[in-house]
$ cat target_30.cif   # mmCIF, C-alpha atoms
data_data
#
loop_
_atom_site.group_PDB
_atom_site.id
_atom_site.type_symbol
_atom_site.label_atom_id
_atom_site.label_comp_id
_atom_site.auth_asym_id
_atom_site.auth_seq_id
_atom_site.Cartn_x
_atom_site.Cartn_y
_atom_site.Cartn_z
ATOM 1 C CA MET A 1 11.590 96.591 67.130
ATOM 2 C CA ALA A 2 12.778 97.655 63.624
ATOM 3 C CA LYS A 3 16.156 95.987 64.226
ATOM 4 C CA LYS A 4 14.402 92.787 65.217
ATOM 5 C CA GLY A 5 12.280 92.861 62.022
ATOM 6 C CA LEU A 6 15.385 93.422 59.896
ATOM 7 C CA VAL A 7 17.209 90.526 61.542
ATOM 8 C CA VAL A 8 14.176 88.230 61.108
ATOM 9 C CA TRP A 9 13.906 89.184 57.441
ATOM 10 C CA LEU A 10 17.619 88.577 56.853
ATOM 11 C CA PHE A 11 17.778 85.159 58.490
ATOM 12 C CA SER A 12 14.464 84.047 57.046
ATOM 13 C CA SER A 13 15.837 84.904 53.570
ATOM 14 C CA LEU A 14 19.024 82.949 54.285
ATOM 15 C CA THR A 15 16.858 80.072 55.538
ATOM 16 C CA PHE A 16 14.829 80.126 52.309
ATOM 17 C CA ILE A 17 18.007 80.147 50.187
ATOM 18 C CA SER A 18 19.508 77.320 52.239
ATOM 19 C CA LEU A 19 16.273 75.342 51.891
ATOM 20 C CA ALA A 20 16.360 75.822 48.124
ATOM 21 C CA HIS A 21 19.939 74.514 48.076
ATOM 22 C CA PHE A 22 18.900 71.632 50.314
ATOM 23 C CA ILE A 23 16.048 70.638 47.924
ATOM 24 C CA GLU A 24 18.429 70.855 44.957
ATOM 25 C CA ALA A 25 20.981 68.726 46.833
ATOM 26 C CA VAL A 26 18.303 66.097 47.538
ATOM 27 C CA THR A 27 17.240 65.971 43.858
ATOM 28 C CA ALA A 28 20.865 65.864 42.763
ATOM 29 C CA LEU A 29 21.562 63.035 45.174
ATOM 30 C CA ILE A 30 18.468 61.011 44.226
ATOM 31 C CA PHE A 31 18.051 61.776 40.506
ATOM 32 C CA ASP A 32 21.708 62.581 39.780
ATOM 33 C CA ASN A 33 20.786 66.031 38.491
ATOM 34 C CA GLN A 34 23.322 68.806 38.082
ATOM 35 C CA ALA A 35 23.395 71.529 40.749
ATOM 36 C CA ARG A 36 22.533 74.763 38.985
ATOM 37 C CA LEU A 37 22.053 77.100 41.953
ATOM 38 C CA LEU A 38 25.724 76.947 42.833
ATOM 39 C CA SER A 39 26.626 78.513 39.504
ATOM 40 C CA LEU A 40 24.731 81.679 40.471
ATOM 41 C CA TYR A 41 27.429 82.744 42.949
ATOM 42 C CA PRO A 42 30.042 84.934 41.277
ATOM 43 C CA PHE A 43 33.749 84.191 41.537
ATOM 44 C CA ILE A 44 33.215 80.879 43.429
ATOM 45 C CA GLY A 45 30.409 79.330 41.370
ATOM 46 C CA GLU A 46 32.770 77.092 39.327
ATOM 47 C CA ARG A 47 34.457 75.772 42.494
ATOM 48 C CA LEU A 48 31.104 75.116 44.205
ATOM 49 C CA GLN A 49 29.917 73.048 41.240
ATOM 50 C CA THR A 50 32.761 70.643 41.872
ATOM 51 C CA LEU A 51 31.276 69.675 45.282
ATOM 52 C CA ALA A 52 30.141 66.091 45.653
ATOM 53 C CA PRO A 53 26.342 65.685 45.950
ATOM 54 C CA VAL A 54 26.680 64.186 49.434
ATOM 55 C CA THR A 55 28.825 67.109 50.648
ATOM 56 C CA TYR A 56 26.420 69.562 49.042
ATOM 57 C CA PHE A 57 23.535 67.806 50.805
ATOM 58 C CA TRP A 58 25.080 67.977 54.277
ATOM 59 C CA ILE A 59 26.275 71.574 53.922
ATOM 60 C CA SER A 60 22.874 72.788 52.725
ATOM 61 C CA ALA A 61 21.047 70.779 55.409
ATOM 62 C CA ALA A 62 23.284 72.199 58.156
ATOM 63 C CA ALA A 63 22.935 75.753 56.833
ATOM 64 C CA THR A 64 19.133 75.377 56.616
ATOM 65 C CA ILE A 65 18.898 74.105 60.208
ATOM 66 C CA VAL A 66 21.212 76.818 61.573
ATOM 67 C CA PHE A 67 19.502 79.707 59.772
ATOM 68 C CA TRP A 68 16.054 78.371 60.672
ATOM 69 C CA GLY A 69 17.027 78.059 64.342
ATOM 70 C CA ILE A 70 18.402 81.597 64.405
ATOM 71 C CA THR A 71 15.248 82.900 62.708
ATOM 72 C CA CYS A 72 13.018 81.168 65.269
ATOM 73 C CA ALA A 73 15.127 82.369 68.186
ATOM 74 C CA VAL A 74 15.011 85.966 67.014
ATOM 75 C CA THR A 75 11.310 85.778 66.113
ATOM 76 C CA PHE A 76 10.136 84.332 69.406
ATOM 77 C CA ASP A 77 12.399 86.574 71.474
ATOM 78 C CA ASN A 78 9.963 88.960 73.200
ATOM 79 C CA PRO A 79 11.773 91.967 74.717
ATOM 80 C CA MET A 80 8.683 92.950 76.682
ATOM 81 C CA GLU A 81 8.520 89.495 78.210
ATOM 82 C CA ALA A 82 12.227 89.647 79.011
ATOM 83 C CA PHE A 83 11.702 93.060 80.594
ATOM 84 C CA LEU A 84 8.789 91.756 82.648
ATOM 85 C CA ASN A 85 10.791 88.697 83.666
ATOM 86 C CA LYS A 86 13.633 90.977 84.770
ATOM 87 C CA ILE A 87 11.184 93.104 86.765
ATOM 88 C CA LEU A 88 9.732 89.978 88.372
ATOM 89 C CA SER A 89 13.206 88.690 89.162
ATOM 90 C CA ASP A 90 14.168 92.034 90.736
ATOM 91 C CA ALA A 91 10.892 92.056 92.671
ATOM 92 C CA LYS A 92 11.582 88.547 93.962
ATOM 93 C CA GLN A 93 15.082 89.585 95.041
ATOM 94 C CA GLN A 94 13.670 92.710 96.693
ATOM 95 C CA THR A 95 11.040 90.607 98.435
ATOM 96 C CA ALA A 96 13.725 88.214 99.648
ATOM 97 C CA VAL A 97 15.762 91.146 101.008
ATOM 98 C CA GLU A 98 12.699 92.642 102.715
ATOM 99 C CA THR A 99 11.833 89.233 104.154
ATOM 100 C CA GLN A 100 15.353 88.944 105.551
ATOM 101 C CA LEU A 101 15.070 92.433 107.032
ATOM 102 C CA LEU A 102 11.714 91.551 108.561
ATOM 103 C CA ASP A 103 13.208 88.391 110.044
ATOM 104 C CA ASN A 104 16.075 90.416 111.540
ATOM 105 C CA LYS A 105 13.636 92.996 112.915
ATOM 106 C CA SER A 106 11.481 90.192 114.275
ATOM 107 C CA GLU A 107 14.484 88.744 116.103
ATOM 108 C CA LEU A 108 15.277 92.223 117.459
ATOM 109 C CA LEU A 109 11.675 92.667 118.628
ATOM 110 C CA ASP A 110 11.768 89.246 120.302
ATOM 111 C CA LEU A 111 14.977 90.238 122.089
ATOM 112 C CA MET A 112 13.419 93.551 123.177
ATOM 113 C CA TYR A 113 10.333 91.695 124.408
ATOM 114 C CA GLU A 114 12.486 89.290 126.434
ATOM 115 C CA THR A 115 14.416 92.254 127.878
ATOM 116 C CA ILE A 116 11.160 93.986 128.841
ATOM 117 C CA GLU A 117 9.891 90.780 130.460
ATOM 118 C CA SER A 118 13.131 90.476 132.445
ATOM 119 C CA ASP A 119 12.894 94.136 133.483
ATOM 120 C CA ASN A 120 9.295 93.579 134.598
ATOM 121 C CA GLU A 121 10.404 90.676 136.774
ATOM 122 C CA ILE A 122 13.171 92.814 138.295
ATOM 123 C CA LEU A 123 10.709 95.660 138.886
ATOM 124 C CA GLY A 124 8.328 93.214 140.558
ATOM 125 C CA GLN A 125 11.094 92.041 142.855
ATOM 126 C CA VAL A 126 12.044 95.659 143.663
ATOM 127 C CA LYS A 127 8.385 96.438 144.377
ATOM 128 C CA ASP A 128 8.124 93.475 146.752
ATOM 129 C CA LEU A 129 11.343 94.584 148.439
ATOM 130 C CA MET A 130 10.009 98.134 148.867
ATOM 131 C CA THR A 131 6.790 96.734 150.335
ATOM 132 C CA ASN A 132 8.788 94.709 152.857
ATOM 133 C CA VAL A 133 10.928 97.750 153.702
ATOM 134 C CA ARG A 134 7.818 99.868 154.294
ATOM 135 C CA ALA A 135 6.386 97.171 156.554
ATOM 136 C CA ASP A 136 9.659 97.066 158.479
ATOM 137 C CA VAL A 137 9.638 100.867 158.746
ATOM 138 C CA ARG A 138 6.101 100.784 160.118
ATOM 139 C CA ASP A 139 7.226 98.212 162.675
ATOM 140 C CA ILE A 140 10.261 100.303 163.596
ATOM 141 C CA GLN A 141 8.278 103.569 163.964
ATOM 142 C CA PRO A 142 6.798 102.738 167.420
ATOM 143 C CA LEU A 143 10.236 101.663 168.609
ATOM 144 C CA LYS A 144 11.663 104.936 167.344
ATOM 145 C CA GLU A 145 8.986 106.908 169.189
ATOM 146 C CA SER A 146 9.697 104.911 172.366
ATOM 147 C CA ILE A 147 13.418 105.590 172.043
ATOM 148 C CA GLU A 148 12.738 109.315 171.507
ATOM 149 C CA LYS A 149 10.492 109.394 174.560
ATOM 150 C CA THR A 150 13.142 107.622 176.637
ATOM 151 C CA ARG A 151 15.760 110.092 175.397
ATOM 152 C CA ILE A 152 13.570 113.025 176.496
ATOM 153 C CA GLU A 153 13.009 111.439 179.880
ATOM 154 C CA LEU A 154 16.742 110.816 180.292
ATOM 155 C CA SER A 155 17.422 114.444 179.390
ATOM 156 C CA SER A 156 14.927 115.613 181.998
ATOM 157 C CA LEU A 157 16.442 113.224 184.501
ATOM 158 C CA LYS A 158 19.934 114.555 183.778
ATOM 159 C CA LYS A 159 18.719 118.110 184.321
ATOM 160 C CA GLU A 160 17.085 117.107 187.612
ATOM 161 C CA ILE A 161 20.222 115.292 188.764
ATOM 162 C CA LYS A 162 22.329 118.315 187.854
ATOM 163 C CA ARG A 163 19.953 120.588 189.766
ATOM 164 C CA ILE A 164 20.124 118.301 192.814
ATOM 165 C CA GLU A 165 23.920 118.152 192.607
ATOM 166 C CA GLU A 166 24.088 121.931 192.432
ATOM 167 C CA LYS A 167 21.717 122.208 195.356
ATOM 168 C CA VAL A 168 23.809 119.798 197.386
ATOM 169 C CA GLN A 169 27.094 121.423 196.383
ATOM 170 C CA TYR A 170 25.773 124.999 196.706
ATOM 171 C CA PRO A 171 23.138 124.913 199.421
ATOM 172 C CA ILE A 172 23.120 128.703 199.925
ATOM 173 C CA LEU A 173 21.624 131.203 197.512
ATOM 174 C CA CYS A 174 22.617 134.822 197.221
ATOM 175 C CA THR A 175 19.851 137.049 198.578
ATOM 176 C CA VAL A 176 20.505 139.577 195.796
ATOM 177 C CA CYS A 177 21.093 137.589 192.571
ATOM 178 C CA ASP A 178 19.875 134.136 193.655
ATOM 179 C CA LYS A 179 23.106 132.502 192.472
ATOM 180 C CA PRO A 180 24.191 129.336 194.292
ATOM 181 C CA LEU A 181 26.980 129.823 196.792
ATOM 182 C CA MET A 182 29.164 127.517 198.792
ATOM 183 C CA PRO A 183 28.746 127.592 202.587
ATOM 184 C CA ASP A 184 32.143 129.181 203.192
ATOM 185 C CA PHE A 185 31.501 132.138 200.829
ATOM 186 C CA LYS A 186 31.288 135.451 202.705
ATOM 187 C CA MET A 187 30.778 137.518 199.567
ATOM 188 C CA CYS A 188 28.856 136.646 196.355
ATOM 189 C CA PRO A 189 31.349 136.242 193.500
ATOM 190 C CA TYR A 190 28.631 137.170 191.016
ATOM 191 C CA CYS A 191 27.241 140.424 192.396
ATOM 192 C CA GLY A 192 29.615 141.227 195.270
ATOM 193 C CA ALA A 193 26.906 141.294 197.918
ATOM 194 C CA GLN A 194 27.751 140.339 201.490
ATOM 195 C CA VAL A 195 26.600 136.845 202.348
ATOM 196 C CA LYS A 196 24.695 136.602 205.535
ATOM 197 C CA VAL A 197 25.214 133.235 207.006
ATOM 198 C CA GLN A 198 22.027 132.059 208.494
ATOM 199 C CA LYS A 199 22.615 130.109 211.600
ATOM 200 C CA ALA A 200 20.529 127.097 212.084
ATOM 201 C CA PRO A 201 18.010 127.579 214.865
ATOM 202 C CA LEU A 202 19.004 126.029 218.149
ATOM 203 C CA ILE A 203 16.856 123.263 219.389
ATOM 204 C CA ASP A 204 16.349 122.792 223.078
ATOM 205 C CA LEU A 205 17.523 119.560 224.486
ATOM 206 C CA LYS A 206 14.137 118.832 225.839
ATOM 207 C CA ASP A 207 12.582 119.482 222.461
ATOM 208 C CA TYR A 208 15.206 117.254 220.761
ATOM 209 C CA LYS A 209 14.372 114.458 223.091
#
$ encode --input "target_30.cif" --output "structure tokens"
Amino acid sequence: MAKKGLVVWLFSSLTFISLAHFIEAVTALIFDNQARLLSLYPFIGERLQTLAPVTYFWISAAATIVFWGITCAVTFDNPMEAFLNKILSDAKQQTAVETQLLDNKSELLDLMYETIESDNEILGQVKDLMTNVRADVRDIQPLKESIEKTRIELSSLKKEIKRIEEKVQYPILCTVCDKPLMPDFKMCPYCGAQVKVQKAPLIDLKDYK
């Protein structure tokens, strides 16, 4: 702030001096007066007095305008306002960046939502498929029970057929161990007992008739 005051004081003084020279140049140009302010400068005062009034007028006018413009620019330059403007500019840039991030996140959320919707559709299809499979399983269950029952019956039938075959093939049983024996066996191969061949009872011819 002190530097700014010093600069304003310096350029305002130069503006005042230039304005004084400008007024003297105007009077010299209009009334043909002699320029006395130029003689105040040491070493170059004699050379400056040799300037034509018109040249003196334009130089002083230009210097007055330049120094006055610089004084106004420095005076009306508000560092606090510049600081606030910089903060606002940074805030706007930050807001723009955050807005861009929010837009990107919004696109990501939309994509996630679409993915979830697609997954829900797939899950619905899988659920319908499982329902159909369960219905088919319920329909197949009675058939499975019927097949199992048939298998048990076939197993029983096989055992019965095997028993009949054994009975036909081995019609005699050992009287000691009850093992089946062939008709021509005279001794049980299982227990070694003698096989008593039972002769079939004779039937009288009259009874047969």
$ residues_around --input "target_30.cif" --residues "range 10-13 of chain A" --least-positions-apart "4" --cutoff "8 Å" --atoms "all atoms listed in the file" --output "list of chain:residue names"
A:Leu6, A:Ile17, A:Phe67, A:Trp68, A:Ile70, A:Thr71
$ atom_distance --input "target_30.cif" --atom1 "CA of Ser89 in chain A" --atom2 "CA of Ala73 in chain A"
22.0 Å
$ residues_around --input "target_30.cif" --residues "Gln34 in chain A" --least-positions-apart "3" --cutoff "10 Å" --atoms "only C-alpha atoms" --output "PyMOL selection string"
chain A and resi 24-25+27-29+31+37-38+49+53
$ atom_distance --input "target_30.cif" --atom1 "CA of Ala2 in chain A" --atom2 "CA of Asp77 in chain A"
13.6 Å
$ residues_near_point --input "target_30.cif" --point "(22.6, 78.8, 54.3)" --cutoff "10 Å" --atoms "only C-alpha atoms" --output "short mmCIF file (atom, residue, chain, number, x, y, z; two decimals) with C-alpha atoms, keeping the file's coordinate frame"
data_model
loop_
_atom_site.label_atom_id
_atom_site.label_comp_id
_atom_site.auth_asym_id
_atom_site.auth_seq_id
_atom_site.Cartn_x
_atom_site.Cartn_y
_atom_site.Cartn_z
CA PHE A 11 17.78 85.16 58.49
CA SER A 13 15.84 84.90 53.57
CA LEU A 14 19.02 82.95 54.28
CA THR A 15 16.86 80.07 55.54
CA PHE A 16 14.83 80.13 52.31
CA ILE A 17 18.01 80.15 50.19
CA SER A 18 19.51 77.32 52.24
CA LEU A 19 16.27 75.34 51.89
CA ALA A 20 16.36 75.82 48.12
CA HIS A 21 19.94 74.51 48.08
CA PHE A 22 18.90 71.63 50.31
CA ILE A 59 26.28 71.57 53.92
CA SER A 60 22.87 72.79 52.72
CA ALA A 61 21.05 70.78 55.41
CA ALA A 62 23.28 72.20 58.16
CA ALA A 63 22.94 75.75 56.83
CA THR A 64 19.13 75.38 56.62
CA ILE A 65 18.90 74.10 60.21
CA VAL A 66 21.21 76.82 61.57
CA PHE A 67 19.50 79.71 59.77
CA TRP A 68 16.05 78.37 60.67
#
$ axis_aligned_box --input "target_30.cif" --around "range 182-186 of chain A" --padding-each-side "6 Å" --output "lines of an AutoDock Vina configuration file"
center_x = 30.4
center_y = 131.5
center_z = 201.0
size_x = 15.4
size_y = 19.9
size_z = 16.4
$ atom_distance --input "target_30.cif" --atom1 "CA of Ile122 in chain A" --atom2 "CA of Asp139 in chain A"
25.7 Å
$ closest_residue --input "target_30.cif" --among "A:Ile152, A:Ser39, A:Leu88, A:Val195" --to "Met182 in chain A" --atoms "all atoms listed in the file"
A:Val195
$ closest_residue --input "target_30.cif" --among "A:Val54, A:Ile161, A:Ile44, A:Cys72" --to "Asp32 in chain A" --atoms "all atoms listed in the file"
A:Val54
